[in-house]
$ cat query03.pdb   # PDB, C-alpha atoms and all ligand atoms
ATOM      1  CA  MET A  27     -19.568   5.218   5.646
ATOM      2  CA  LYS A  28     -19.924   8.887   4.799
ATOM      3  CA  GLY A  29     -17.587  11.783   5.194
ATOM      4  CA  PHE A  30     -15.638  12.295   1.959
ATOM      5  CA  ALA A  31     -18.315  14.064  -0.082
ATOM      6  CA  GLY A  32     -16.726  16.548  -2.470
ATOM      7  CA  LYS A  33     -13.186  15.231  -1.836
ATOM      8  CA  VAL A  34     -10.982  14.039  -4.682
ATOM      9  CA  ALA A  35      -9.011  10.873  -3.868
ATOM     10  CA  VAL A  36      -6.289   9.148  -5.911
ATOM     11  CA  VAL A  37      -5.598   5.418  -5.459
ATOM     12  CA  THR A  38      -2.675   3.586  -7.104
ATOM     13  CA  GLY A  39      -2.765  -0.183  -7.574
ATOM     14  CA  ALA A  40      -6.566   0.062  -7.588
ATOM     15  CA  GLY A  41      -7.108  -2.968  -9.858
ATOM     16  CA  SER A  42      -7.020  -5.481  -6.989
ATOM     17  CA  GLY A  43      -7.043  -6.094  -3.252
ATOM     18  CA  ILE A  44      -6.693  -3.220  -0.807
ATOM     19  CA  GLY A  45      -6.529  -0.564  -3.567
ATOM     20  CA  GLN A  46      -9.762  -1.782  -5.132
ATOM     21  CA  ALA A  47     -11.504  -1.914  -1.746
ATOM     22  CA  LEU A  48     -10.231   1.573  -0.867
ATOM     23  CA  ALA A  49     -11.556   2.955  -4.161
ATOM     24  CA  VAL A  50     -14.985   1.363  -3.556
ATOM     25  CA  GLU A  51     -15.210   2.589   0.054
ATOM     26  CA  LEU A  52     -14.107   6.089  -0.984
ATOM     27  CA  ALA A  53     -16.786   6.148  -3.689
ATOM     28  CA  ARG A  54     -19.408   4.979  -1.161
ATOM     29  CA  SER A  55     -18.283   7.813   1.116
ATOM     30  CA  GLY A  56     -19.000  10.352  -1.603
ATOM     31  CA  ALA A  57     -15.472  10.979  -2.928
ATOM     32  CA  LYS A  58     -14.549  11.480  -6.570
ATOM     33  CA  VAL A  59     -11.895   8.871  -7.313
ATOM     34  CA  ALA A  60      -8.911   8.671  -9.691
ATOM     35  CA  ILE A  61      -7.835   5.046  -9.988
ATOM     36  CA  SER A  62      -4.780   3.591 -11.711
ATOM     37  CA  ASP A  63      -2.943   0.289 -12.121
ATOM     38  CA  VAL A  64      -0.674  -1.564 -14.544
ATOM     39  CA  ASP A  65      -3.328  -4.296 -14.673
ATOM     40  CA  THR A  66      -5.896  -2.740 -17.000
ATOM     41  CA  GLU A  67      -8.349  -5.667 -16.659
ATOM     42  CA  GLY A  68      -8.473  -5.359 -12.877
ATOM     43  CA  LEU A  69      -8.701  -1.598 -13.243
ATOM     44  CA  ALA A  70     -11.717  -1.897 -15.588
ATOM     45  CA  GLN A  71     -13.481  -4.086 -12.985
ATOM     46  CA  THR A  72     -12.878  -1.461 -10.285
ATOM     47  CA  GLU A  73     -14.081   1.287 -12.632
ATOM     48  CA  GLU A  74     -17.309  -0.659 -13.241
ATOM     49  CA  GLN A  75     -17.916  -1.011  -9.500
ATOM     50  CA  LEU A  76     -17.362   2.709  -8.911
ATOM     51  CA  LYS A  77     -19.685   3.658 -11.762
ATOM     52  CA  ALA A  78     -22.365   1.321 -10.351
ATOM     53  CA  ILE A  79     -22.118   3.253  -7.073
ATOM     54  CA  GLY A  80     -22.630   6.436  -9.100
ATOM     55  CA  ALA A  81     -19.216   7.895  -8.315
ATOM     56  CA  SER A  82     -17.295  10.282 -10.512
ATOM     57  CA  VAL A  83     -14.273   8.246 -11.638
ATOM     58  CA  LYS A  84     -11.139   8.693 -13.778
ATOM     59  CA  ALA A  85      -9.308   5.443 -14.633
ATOM     60  CA  ASP A  86      -5.823   5.330 -16.143
ATOM     61  CA  ARG A  87      -3.058   2.828 -16.751
ATOM     62  CA  LEU A  88      -0.116   4.009 -14.650
ATOM     63  CA  ASN A  89       3.096   2.273 -13.661
ATOM     64  CA  VAL A  90       4.158   3.884 -10.375
ATOM     65  CA  THR A  91       7.843   3.350 -11.202
ATOM     66  CA  GLU A  92       7.592   5.668 -14.235
ATOM     67  CA  ARG A  93       8.345   9.021 -12.641
ATOM     68  CA  GLU A  94       7.715  11.330 -15.623
ATOM     69  CA  ALA A  95       4.396   9.636 -16.359
ATOM     70  CA  PHE A  96       3.437   9.925 -12.670
ATOM     71  CA  LEU A  97       4.214  13.683 -12.635
ATOM     72  CA  ALA A  98       2.143  14.244 -15.797
ATOM     73  CA  TYR A  99      -0.663  12.082 -14.363
ATOM     74  CA  ALA A 100      -0.839  14.205 -11.171
ATOM     75  CA  ASP A 101      -1.348  17.358 -13.238
ATOM     76  CA  GLU A 102      -3.959  15.589 -15.396
ATOM     77  CA  VAL A 103      -5.968  14.431 -12.362
ATOM     78  CA  ALA A 104      -5.844  17.915 -10.797
ATOM     79  CA  GLU A 105      -7.016  19.461 -14.059
ATOM     80  CA  HIS A 106      -9.756  16.866 -14.538
ATOM     81  CA  PHE A 107     -11.305  17.250 -11.065
ATOM     82  CA  GLY A 108     -10.148  20.832 -10.334
ATOM     83  CA  LYS A 109      -8.223  19.709  -7.191
ATOM     84  CA  VAL A 110      -6.766  16.700  -5.385
ATOM     85  CA  ASN A 111      -7.296  16.118  -1.647
ATOM     86  CA  GLN A 112      -5.986  12.628  -0.995
ATOM     87  CA  ILE A 113      -3.332  10.351  -2.478
ATOM     88  CA  TYR A 114      -3.254   6.676  -1.459
ATOM     89  CA  ASN A 115       0.135   5.273  -2.511
ATOM     90  CA  ASN A 116      -0.969   1.655  -2.425
ATOM     91  CA  ALA A 117       0.513  -0.191  -5.460
ATOM     92  CA  GLY A 118       2.917  -2.879  -4.330
ATOM     93  CA  ILE A 119       4.532  -6.230  -5.063
ATOM     94  CA  ALA A 120       6.123  -8.964  -2.970
ATOM     95  CA  PHE A 121       9.189 -11.161  -3.342
ATOM     96  CA  THR A 122      10.442 -14.001  -1.154
ATOM     97  CA  GLY A 123      14.079 -15.048  -1.004
ATOM     98  CA  ASP A 124      17.025 -15.048   1.365
ATOM     99  CA  ILE A 125      19.617 -12.353   0.613
ATOM    100  CA  GLU A 126      22.238 -14.987  -0.123
ATOM    101  CA  VAL A 127      20.248 -16.352  -3.071
ATOM    102  CA  SER A 128      18.416 -13.183  -4.215
ATOM    103  CA  GLN A 129      19.643 -11.358  -7.301
ATOM    104  CA  PHE A 130      20.333  -7.612  -7.142
ATOM    105  CA  LYS A 131      17.526  -7.138  -9.692
ATOM    106  CA  ASP A 132      15.018  -8.906  -7.410
ATOM    107  CA  ILE A 133      15.739  -6.470  -4.576
ATOM    108  CA  GLU A 134      15.806  -3.471  -6.944
ATOM    109  CA  ARG A 135      12.426  -4.395  -8.452
ATOM    110  CA  VAL A 136      10.750  -4.449  -5.048
ATOM    111  CA  MET A 137      12.407  -1.154  -4.038
ATOM    112  CA  ASP A 138      11.356   0.401  -7.380
ATOM    113  CA  VAL A 139       7.661  -0.385  -6.950
ATOM    114  CA  ASP A 140       7.191  -0.455  -3.178
ATOM    115  CA  PHE A 141       9.492   2.418  -2.184
ATOM    116  CA  TRP A 142      10.205   4.588  -5.252
ATOM    117  CA  GLY A 143       6.575   4.234  -6.376
ATOM    118  CA  VAL A 144       5.553   5.797  -3.056
ATOM    119  CA  VAL A 145       8.169   8.561  -3.366
ATOM    120  CA  ASN A 146       7.044   9.289  -6.943
ATOM    121  CA  GLY A 147       3.380   9.452  -5.925
ATOM    122  CA  THR A 148       4.021  11.591  -2.864
ATOM    123  CA  LYS A 149       6.237  14.090  -4.705
ATOM    124  CA  ALA A 150       3.966  14.252  -7.757
ATOM    125  CA  PHE A 151       0.806  14.938  -5.726
ATOM    126  CA  LEU A 152       2.211  16.965  -2.831
ATOM    127  CA  PRO A 153       1.828  20.400  -4.505
ATOM    128  CA  HIS A 154      -1.775  19.516  -5.356
ATOM    129  CA  VAL A 155      -2.758  18.212  -1.915
ATOM    130  CA  ILE A 156      -1.179  21.285  -0.295
ATOM    131  CA  ALA A 157      -3.085  23.562  -2.716
ATOM    132  CA  SER A 158      -6.380  21.783  -1.892
ATOM    133  CA  GLY A 159      -6.354  23.343   1.594
ATOM    134  CA  ASP A 160      -7.473  19.992   3.070
ATOM    135  CA  GLY A 161      -4.945  17.408   1.956
ATOM    136  CA  HIS A 162      -3.912  13.933   3.045
ATOM    137  CA  VAL A 163      -1.056  11.634   1.983
ATOM    138  CA  ILE A 164      -1.661   7.971   2.851
ATOM    139  CA  ASN A 165       1.240   5.611   2.258
ATOM    140  CA  ILE A 166       0.872   1.848   2.534
ATOM    141  CA  SER A 167       3.735   0.200   4.379
ATOM    142  CA  SER A 168       3.178  -3.163   6.133
ATOM    143  CA  VAL A 169       3.737  -4.901   9.449
ATOM    144  CA  PHE A 170       6.948  -5.793   7.641
ATOM    145  CA  GLY A 171       7.775  -2.064   7.977
ATOM    146  CA  LEU A 172       7.803  -2.585  11.770
ATOM    147  CA  PHE A 173       9.933  -5.733  12.036
ATOM    148  CA  SER A 174      11.954  -7.970   9.738
ATOM    149  CA  VAL A 175      11.700 -11.675   9.032
ATOM    150  CA  PRO A 176      14.027 -14.002   7.149
ATOM    151  CA  GLY A 177      13.242 -14.306   3.430
ATOM    152  CA  GLN A 178      11.646 -10.843   3.194
ATOM    153  CA  ALA A 179      14.718  -8.543   3.107
ATOM    154  CA  ALA A 180      13.695  -6.791  -0.122
ATOM    155  CA  TYR A 181      10.102  -6.231   1.044
ATOM    156  CA  ASN A 182      11.213  -5.353   4.591
ATOM    157  CA  SER A 183      13.671  -2.767   3.198
ATOM    158  CA  ALA A 184      11.036  -1.126   1.008
ATOM    159  CA  LYS A 185       8.382  -1.076   3.728
ATOM    160  CA  PHE A 186      10.761   0.238   6.426
ATOM    161  CA  ALA A 187      11.786   2.940   3.916
ATOM    162  CA  VAL A 188       8.139   3.876   3.274
ATOM    163  CA  ARG A 189       7.647   4.258   7.012
ATOM    164  CA  GLY A 190      10.756   6.458   7.430
ATOM    165  CA  PHE A 191       9.834   8.622   4.447
ATOM    166  CA  THR A 192       6.200   9.029   5.505
ATOM    167  CA  GLU A 193       6.925   9.760   9.169
ATOM    168  CA  ALA A 194       9.386  12.507   8.118
ATOM    169  CA  LEU A 195       6.768  13.940   5.738
ATOM    170  CA  ARG A 196       4.169  14.149   8.508
ATOM    171  CA  GLN A 197       6.530  16.169  10.705
ATOM    172  CA  GLU A 198       7.547  18.422   7.791
ATOM    173  CA  MET A 199       3.918  19.216   6.935
ATOM    174  CA  ILE A 200       3.268  20.178  10.574
ATOM    175  CA  LEU A 201       6.411  22.328  10.801
ATOM    176  CA  ALA A 202       5.636  24.068   7.491
ATOM    177  CA  ARG A 203       2.000  24.552   8.657
ATOM    178  CA  HIS A 204       0.752  22.963   5.458
ATOM    179  CA  PRO A 205      -2.883  21.773   5.565
ATOM    180  CA  VAL A 206      -1.845  18.175   4.894
ATOM    181  CA  ALA A 207      -2.323  15.175   7.186
ATOM    182  CA  VAL A 208      -0.044  12.187   6.689
ATOM    183  CA  THR A 209      -0.799   8.559   7.594
ATOM    184  CA  THR A 210       1.402   5.457   7.435
ATOM    185  CA  VAL A 211      -0.555   2.224   7.062
ATOM    186  CA  HIS A 212       0.753  -1.092   8.416
ATOM    187  CA  PRO A 213      -1.517  -3.960   7.335
ATOM    188  CA  GLY A 214      -1.113  -7.477   8.710
ATOM    189  CA  GLY A 215      -2.170 -10.383   6.476
ATOM    190  CA  ILE A 216      -4.957  -9.231   4.139
ATOM    191  CA  LYS A 217      -6.832 -11.656   1.846
ATOM    192  CA  THR A 218      -5.657 -10.290  -1.530
ATOM    193  CA  ALA A 219      -3.817 -11.539  -4.602
ATOM    194  CA  ILE A 220      -0.469 -10.220  -3.342
ATOM    195  CA  ALA A 221       1.110 -13.618  -2.690
ATOM    196  CA  ARG A 222      -0.321 -15.077  -5.907
ATOM    197  CA  ASN A 223       1.209 -12.138  -7.838
ATOM    198  CA  ALA A 224       4.531 -12.448  -6.002
ATOM    199  CA  THR A 225       7.837 -13.802  -7.243
ATOM    200  CA  ALA A 226      10.451 -15.803  -5.367
ATOM    201  CA  ALA A 227      14.137 -16.644  -5.528
ATOM    202  CA  GLU A 228      15.193 -19.621  -7.621
ATOM    203  CA  GLY A 229      14.511 -22.896  -5.871
ATOM    204  CA  LEU A 230      11.481 -21.613  -3.961
ATOM    205  CA  ASP A 231       8.009 -22.728  -4.972
ATOM    206  CA  SER A 232       5.949 -19.523  -5.453
ATOM    207  CA  GLU A 233       2.707 -21.504  -5.602
ATOM    208  CA  GLN A 234       3.366 -23.181  -2.261
ATOM    209  CA  LEU A 235       4.299 -19.806  -0.731
ATOM    210  CA  ALA A 236       1.041 -18.304  -2.012
ATOM    211  CA  LYS A 237      -0.949 -21.229  -0.538
ATOM    212  CA  LEU A 238       0.794 -20.747   2.809
ATOM    213  CA  PHE A 239      -0.079 -17.032   2.769
ATOM    214  CA  ASP A 240      -3.705 -17.595   1.729
ATOM    215  CA  LYS A 241      -4.309 -20.382   4.279
ATOM    216  CA  ARG A 242      -2.292 -19.359   7.330
ATOM    217  CA  LEU A 243      -1.433 -15.647   7.174
ATOM    218  CA  ALA A 244      -4.168 -13.694   5.352
ATOM    219  CA  LYS A 245      -6.757 -12.972   8.047
ATOM    220  CA  THR A 246      -8.524  -9.688   7.222
ATOM    221  CA  SER A 247     -10.745  -8.985   4.193
ATOM    222  CA  PRO A 248      -9.703  -6.104   1.891
ATOM    223  CA  GLN A 249     -13.087  -4.455   2.603
ATOM    224  CA  ARG A 250     -12.443  -4.476   6.358
ATOM    225  CA  ALA A 251      -8.889  -3.205   5.722
ATOM    226  CA  ALA A 252     -10.288  -0.319   3.664
ATOM    227  CA  GLU A 253     -12.793   0.572   6.414
ATOM    228  CA  ILE A 254     -10.049   0.604   9.052
ATOM    229  CA  ILE A 255      -7.773   2.728   6.832
ATOM    230  CA  LEU A 256     -10.511   5.260   6.000
ATOM    231  CA  ASP A 257     -11.488   5.533   9.656
ATOM    232  CA  ALA A 258      -7.850   6.431  10.454
ATOM    233  CA  VAL A 259      -7.817   8.927   7.574
ATOM    234  CA  ARG A 260     -10.925  10.635   8.972
ATOM    235  CA  LYS A 261      -9.174  10.866  12.348
ATOM    236  CA  LYS A 262      -5.925  12.056  10.675
ATOM    237  CA  ARG A 263      -3.983   9.364  12.533
ATOM    238  CA  ALA A 264      -0.193   9.162  12.126
ATOM    239  CA  ARG A 265      -0.115   5.366  12.083
ATOM    240  CA  VAL A 266      -2.726   2.688  11.503
ATOM    241  CA  LEU A 267      -2.294  -1.014  12.209
ATOM    242  CA  VAL A 268      -4.705  -3.112  10.135
ATOM    243  CA  GLY A 269      -5.909  -6.389  11.677
ATOM    244  CA  THR A 270      -5.568  -8.104  15.042
ATOM    245  CA  ASP A 271      -2.404  -9.857  13.828
ATOM    246  CA  ALA A 272      -0.779  -6.473  13.093
ATOM    247  CA  LYS A 273      -1.714  -5.128  16.543
ATOM    248  CA  LEU A 274      -0.442  -8.241  18.330
ATOM    249  CA  LEU A 275       2.831  -8.341  16.401
ATOM    250  CA  ASP A 276       3.420  -4.629  17.027
ATOM    251  CA  VAL A 277       3.059  -5.139  20.807
ATOM    252  CA  MET A 278       5.328  -8.215  20.739
ATOM    253  CA  VAL A 279       8.066  -6.369  18.868
ATOM    254  CA  ARG A 280       7.878  -3.340  21.164
ATOM    255  CA  LEU A 281       8.043  -5.555  24.277
ATOM    256  CA  ALA A 282      10.884  -7.709  22.979
ATOM    257  CA  GLY A 283      12.974  -4.877  21.503
ATOM    258  CA  PRO A 284      15.795  -6.237  19.304
ATOM    259  CA  TYR A 285      15.305  -9.698  20.878
ATOM    260  CA  TYR A 286      12.254 -10.185  18.630
ATOM    261  CA  GLN A 287      14.734 -11.452  16.049
ATOM    262  CA  GLN A 288      15.472 -14.497  18.229
ATOM    263  CA  LEU A 289      11.743 -15.253  18.423
ATOM    264  CA  PHE A 290      10.540 -14.606  14.867
ATOM    265  CA  GLY A 291      13.420 -16.240  12.967
ATOM    266  CA  PRO A 292      12.697 -19.806  14.135
ATOM    267  CA  VAL A 293       8.915 -19.329  13.771
ATOM    268  CA  MET A 294       9.286 -18.193  10.143
ATOM    269  CA  GLY A 295      11.804 -20.968   9.537
ATOM    270  CA  ARG A 296       9.184 -23.539  10.593
ATOM    271  CA  LEU A 297       6.414 -21.875   8.527
ATOM    272  CA  MET A 298       8.378 -21.643   5.261
ATOM    273  CA  PRO A 299       7.944 -24.568   2.851
ATOM    274  CA  LYS A 300      11.087 -26.672   2.608
ATOM    275  CA  VAL A 301      13.007 -26.523  -0.677
TER     276      VAL A 301
HETATM  277  N1  LIG A 401      -2.082  -8.294   1.382
HETATM  278  C1  LIG A 401      -1.363  -8.124   2.479
HETATM  279  O1  LIG A 401      -1.335  -9.005   3.353
HETATM  280  C2  LIG A 401      -0.563  -6.878   2.693
HETATM  281  C3  LIG A 401       0.043  -6.701   3.933
HETATM  282  C4  LIG A 401       0.787  -5.541   4.158
HETATM  283  C5  LIG A 401       0.911  -4.602   3.162
HETATM  284  N2  LIG A 401       0.320  -4.794   1.958
HETATM  285  C6  LIG A 401       0.492  -3.764   0.932
HETATM  286  O2  LIG A 401      -0.762  -3.338   0.466
HETATM  287  C7  LIG A 401      -0.621  -2.819  -0.858
HETATM  288  C8  LIG A 401      -1.689  -3.428  -1.757
HETATM  289  O3  LIG A 401      -1.427  -4.815  -1.884
HETATM  290  P1  LIG A 401      -2.575  -5.913  -2.032
HETATM  291  O4  LIG A 401      -2.409  -6.860  -0.920
HETATM  292  O5  LIG A 401      -3.875  -5.302  -2.286
HETATM  293  O6  LIG A 401      -2.021  -6.692  -3.334
HETATM  294  P2  LIG A 401      -2.664  -6.989  -4.777
HETATM  295  O7  LIG A 401      -1.633  -7.771  -5.506
HETATM  296  O8  LIG A 401      -4.017  -7.584  -4.626
HETATM  297  O9  LIG A 401      -2.802  -5.525  -5.402
HETATM  298  C9  LIG A 401      -1.697  -4.743  -5.747
HETATM  299  C10 LIG A 401      -2.008  -3.983  -7.022
HETATM  300  O10 LIG A 401      -0.855  -3.185  -7.353
HETATM  301  C11 LIG A 401      -0.664  -3.252  -8.755
HETATM  302  N3  LIG A 401       0.726  -2.957  -9.123
HETATM  303  C12 LIG A 401       1.821  -3.749  -8.966
HETATM  304  N4  LIG A 401       2.903  -3.128  -9.473
HETATM  305  C13 LIG A 401       2.492  -1.924  -9.950
HETATM  306  C14 LIG A 401       3.158  -0.843 -10.582
HETATM  307  N5  LIG A 401       4.476  -0.897 -10.854
HETATM  308  N6  LIG A 401       2.432   0.245 -10.916
HETATM  309  C15 LIG A 401       1.098   0.305 -10.663
HETATM  310  N7  LIG A 401       0.404  -0.710 -10.094
HETATM  311  C16 LIG A 401       1.106  -1.815  -9.736
HETATM  312  C17 LIG A 401      -1.058  -4.670  -9.126
HETATM  313  O11 LIG A 401      -1.338  -4.795 -10.519
HETATM  314  C18 LIG A 401      -2.261  -4.913  -8.226
HETATM  315  O12 LIG A 401      -3.460  -4.562  -8.870
HETATM  316  C19 LIG A 401       0.813  -3.137  -1.272
HETATM  317  O13 LIG A 401       1.621  -1.999  -1.095
HETATM  318  C20 LIG A 401       1.212  -4.224  -0.309
HETATM  319  O14 LIG A 401       2.609  -4.291  -0.129
HETATM  320  C21 LIG A 401      -0.424  -5.899   1.702
END
$ encode --input "query03.pdb" --output "structure tokens" --more "lines below"
Ligand SMILES: NC(=O)c1ccc[n+]([C@@H]2O[C@H](COP(=O)([O-])OP(=O)(O)OC[C@H]3O[C@@H](n4cnc5c(N)ncnc54)[C@H](O)[C@@H]3O)[C@@H](O)[C@H]2O)c1
Amino acid sequence: MKGFAGKVAVVTGAGSGIGQALAVELARSGAKVAISDVDTEGLAQTEEQLKAIGASVKADRLNVTEREAFLAYADEVAEHFGKVNQIYNNAGIAFTGDIEVSQFKDIERVMDVDFWGVVNGTKAFLPHVIASGDGHVINISSVFGLFSVPGQAAYNSAKFAVRGFTEALRQEMILARHPVAVTTVHPGGIKTAIARNATAAEGLDSEQLAKLFDKRLAKTSPQRAAEIILDAVRKKRARVLVGTDAKLLDVMVRLAGPYYQQLFGPVMGRLMPKV
């Protein structure tokens, strides 16, 4: 895939999964890439892959919840490469647990990374992507930003919030006539480490949940996800659904309206491992 030669792209959570695949595909497409993660080992592996492709790469440890560090990082990247065209706010975590048994801190942690991390990244890089004259903000939500399921309230809240925030940003950029496209990404089940890295409420078996995700729900490879996302970026699409499962679920929810809740609840109830 070509088409990003000379562009500078920033990818958070690039040490694994979709972020790593995005960084690799961007490098193959000719972009200069700034990658970051809290997992420095995963990040080093991604850096190696990008260097093997011959890409210009800047790799840094960055926790997306640390706002001041994120603001300083945005300036550093812009100074290093001379500009920034694209920011992929990708870093994310998952948590499973009914609201009744979840702690406030469990819900706050997911909101901090999955929502505030996206707000921090968008705000930090927005002046730079506007200044580039050909900018793009790409925020990773989920199919869980389109509908809710039991046990995913924290994740659903963060991903719905990412969608609301990003859809408002797209309209604002158009109204302000800024040269910035904005894309919200809604992946279905992607074969990454997300479930293995996830936490769960007390009494739930995280390992069993991860096995369920890996075996039954993760359908699309991260490489294919990255290709689909970059194709949508090239076309400056407002929304991209990643995977057949995401497309099917989106249609079901739109057809059923609020009645989807009567359908999905029992299905999820049957899928979830019993405590
Ligand atoms: N895998 C899926 O099925 C799926 C579906 C929908 C949406 N998503 C979203 O895609 C994005 C990427 O997830 P993935 O599936 O590749 O998972 P992953 O666990 O393989 O990768 C996520 C990366 O984010 C990093 N990260 C976590 N917290 C961070 C923080 N505070 N600061 C910086 N980096 C941090 C992790 O270290 C990891 O390298 C996430 O936003 C996730 O919610 C994934």
$ residues_near_ligand --input "query03.pdb" --ligand "ligand LIG 401 (chain A)" --cutoff "6 Å" --atoms "only C-alpha atoms and all ligand atoms" --output "ChimeraX atom specification"
/A:39-45,63-65,88-91,116-119,139,166-168,213-220,223,244
$ residues_around --input "query03.pdb" --residues "Leu76 of chain A" --least-positions-apart "3" --cutoff "10 Å" --atoms "only C-alpha atoms" --output "list in words"
Gln46, Ala49, Val50, Glu51, Leu52, Ala53, Arg54, Lys58, Val59, Ile61, Ala70, Gln71, Thr72, Glu73, Ile79, Gly80, Ala81, Ser82, Val83 and Lys84 of chain A
$ resolve_selection --input "query03.pdb" --expression "the PyMOL selection byres (((chain A and resi 254) around 10) and not hetatm)" --output "VMD selection string"
chain A and resid 48 211 213 248 to 253 255 to 259 266 to 269
$ write_last_selection --input "query03.pdb" --atoms "C-alpha atoms" --output "short mmCIF file (atom, residue, chain, number, x, y, z; two decimals), in the frame of the given file"
data_model
loop_
_atom_site.label_atom_id
_atom_site.label_comp_id
_atom_site.auth_asym_id
_atom_site.auth_seq_id
_atom_site.Cartn_x
_atom_site.Cartn_y
_atom_site.Cartn_z
CA LEU A 48 -10.23 1.57 -0.87
CA VAL A 211 -0.56 2.22 7.06
CA PRO A 213 -1.52 -3.96 7.34
CA PRO A 248 -9.70 -6.10 1.89
CA GLN A 249 -13.09 -4.46 2.60
CA ARG A 250 -12.44 -4.48 6.36
CA ALA A 251 -8.89 -3.20 5.72
CA ALA A 252 -10.29 -0.32 3.66
CA GLU A 253 -12.79 0.57 6.41
CA ILE A 255 -7.77 2.73 6.83
CA LEU A 256 -10.51 5.26 6.00
CA ASP A 257 -11.49 5.53 9.66
CA ALA A 258 -7.85 6.43 10.45
CA VAL A 259 -7.82 8.93 7.57
CA VAL A 266 -2.73 2.69 11.50
CA LEU A 267 -2.29 -1.01 12.21
CA VAL A 268 -4.70 -3.11 10.14
CA GLY A 269 -5.91 -6.39 11.68
#
$ resolve_selection --input "query03.pdb" --expression "the PyMOL selection byres (((chain A and resi 106) around 12) and not hetatm)" --output "PyMOL selection string"
chain A and resi 34+58-60+82-85+99-105+107-110
$ residues_around --input "query03.pdb" --residues "segment 273-288 of chain A" --least-positions-apart "3" --cutoff "8 Å" --atoms "all atoms listed in the file" --output "PyMOL selection string"
chain A and resi 169+172-175+267-270+291-292
$ atom_distance --input "query03.pdb" --atom1 "atom CA of Thr225 of chain A" --atom2 "atom CA of Thr122 of chain A"
6.6 Å
$ closest_residue --input "query03.pdb" --among "A:Ala180, A:Ala47, A:Ala120, A:Ala207" --to "Met137 of chain A" --atoms "all atoms listed in the file"
A:Ala180
$ closest_residue --input "query03.pdb" --among "A:Arg265, A:Lys131, A:Lys185, A:Lys237" --to "Thr210 of chain A" --atoms "only C-alpha atoms"
A:Arg265
$ atom_distance --input "query03.pdb" --atom1 "atom CA of Gly68 of chain A" --atom2 "atom CA of Ala35 of chain A"
18.6 Å
$ resolve_selection --input "query03.pdb" --expression "the PyMOL selection byres (((chain A and resi 233) around 12) and not hetatm)" --output "list in words"
Thr122, Ala219, Ile220, Ala221, Arg222, Asn223, Ala224, Thr225, Ala226, Gly229, Leu230, Asp231, Ser232, Gln234, Leu235, Ala236, Lys237, Leu238, Phe239, Asp240 and Pro299 of chain A
$ residues_around --input "query03.pdb" --residues "Phe186 of chain A" --least-positions-apart "2" --cutoff "8 Å" --atoms "only C-alpha atoms" --output "mmCIF file with C-alpha atoms, keeping the file's coordinate frame"
data_model
loop_
_atom_site.group_PDB
_atom_site.id
_atom_site.type_symbol
_atom_site.label_atom_id
_atom_site.label_comp_id
_atom_site.auth_asym_id
_atom_site.auth_seq_id
_atom_site.Cartn_x
_atom_site.Cartn_y
_atom_site.Cartn_z
ATOM 1 C CA SER A 167 3.735 0.200 4.379
ATOM 2 C CA PHE A 170 6.948 -5.793 7.641
ATOM 3 C CA GLY A 171 7.775 -2.064 7.977
ATOM 4 C CA LEU A 172 7.803 -2.585 11.770
ATOM 5 C CA ASN A 182 11.213 -5.353 4.591
ATOM 6 C CA SER A 183 13.671 -2.767 3.198
ATOM 7 C CA ALA A 184 11.036 -1.126 1.008
ATOM 8 C CA VAL A 188 8.139 3.876 3.274
ATOM 9 C CA ARG A 189 7.647 4.258 7.012
ATOM 10 C CA GLY A 190 10.756 6.458 7.430
#
$ atom_distance --input "query03.pdb" --atom1 "atom CA of Phe121 of chain A" --atom2 "atom CA of Ser247 of chain A"
21.4 Å
$ closest_residue --input "query03.pdb" --among "A:Lys261, A:Val293, A:Gly161, A:Lys241" --to "Thr148 of chain A" --atoms "only C-alpha atoms"
A:Gly161
$ residues_around --input "query03.pdb" --residues "Ala157 of chain A" --least-positions-apart "2" --cutoff "9 Å" --atoms "only C-alpha atoms" --output "PDB file with C-alpha atoms, in the frame of the given file"
ATOM      1  CA  LYS A 109      -8.223  19.709  -7.191  1.00  0.00           C
ATOM      2  CA  VAL A 110      -6.766  16.700  -5.385  1.00  0.00           C
ATOM      3  CA  ASN A 111      -7.296  16.118  -1.647  1.00  0.00           C
ATOM      4  CA  LEU A 152       2.211  16.965  -2.831  1.00  0.00           C
ATOM      5  CA  PRO A 153       1.828  20.400  -4.505  1.00  0.00           C
ATOM      6  CA  HIS A 154      -1.775  19.516  -5.356  1.00  0.00           C
ATOM      7  CA  VAL A 155      -2.758  18.212  -1.915  1.00  0.00           C
ATOM      8  CA  GLY A 159      -6.354  23.343   1.594  1.00  0.00           C
ATOM      9  CA  ASP A 160      -7.473  19.992   3.070  1.00  0.00           C
ATOM     10  CA  GLY A 161      -4.945  17.408   1.956  1.00  0.00           C
ATOM     11  CA  PRO A 205      -2.883  21.773   5.565  1.00  0.00           C
TER      12      PRO A 205
END
$ closest_residue --input "query03.pdb" --among "A:Gln197, A:Gln178, A:Thr209, A:Ser62" --to "Asp132 of chain A" --atoms "all atoms listed in the file"
A:Gln178
$ closest_residue --input "query03.pdb" --among "A:Leu243, A:Leu201, A:Met298, A:Leu69" --to "Arg87 of chain A" --atoms "only C-alpha atoms"
A:Leu69
$ closest_residue --input "query03.pdb" --among "A:Thr192, A:Thr246, A:Thr66, A:Ser55" --to "Lys149 of chain A" --atoms "all atoms listed in the file"
A:Thr192
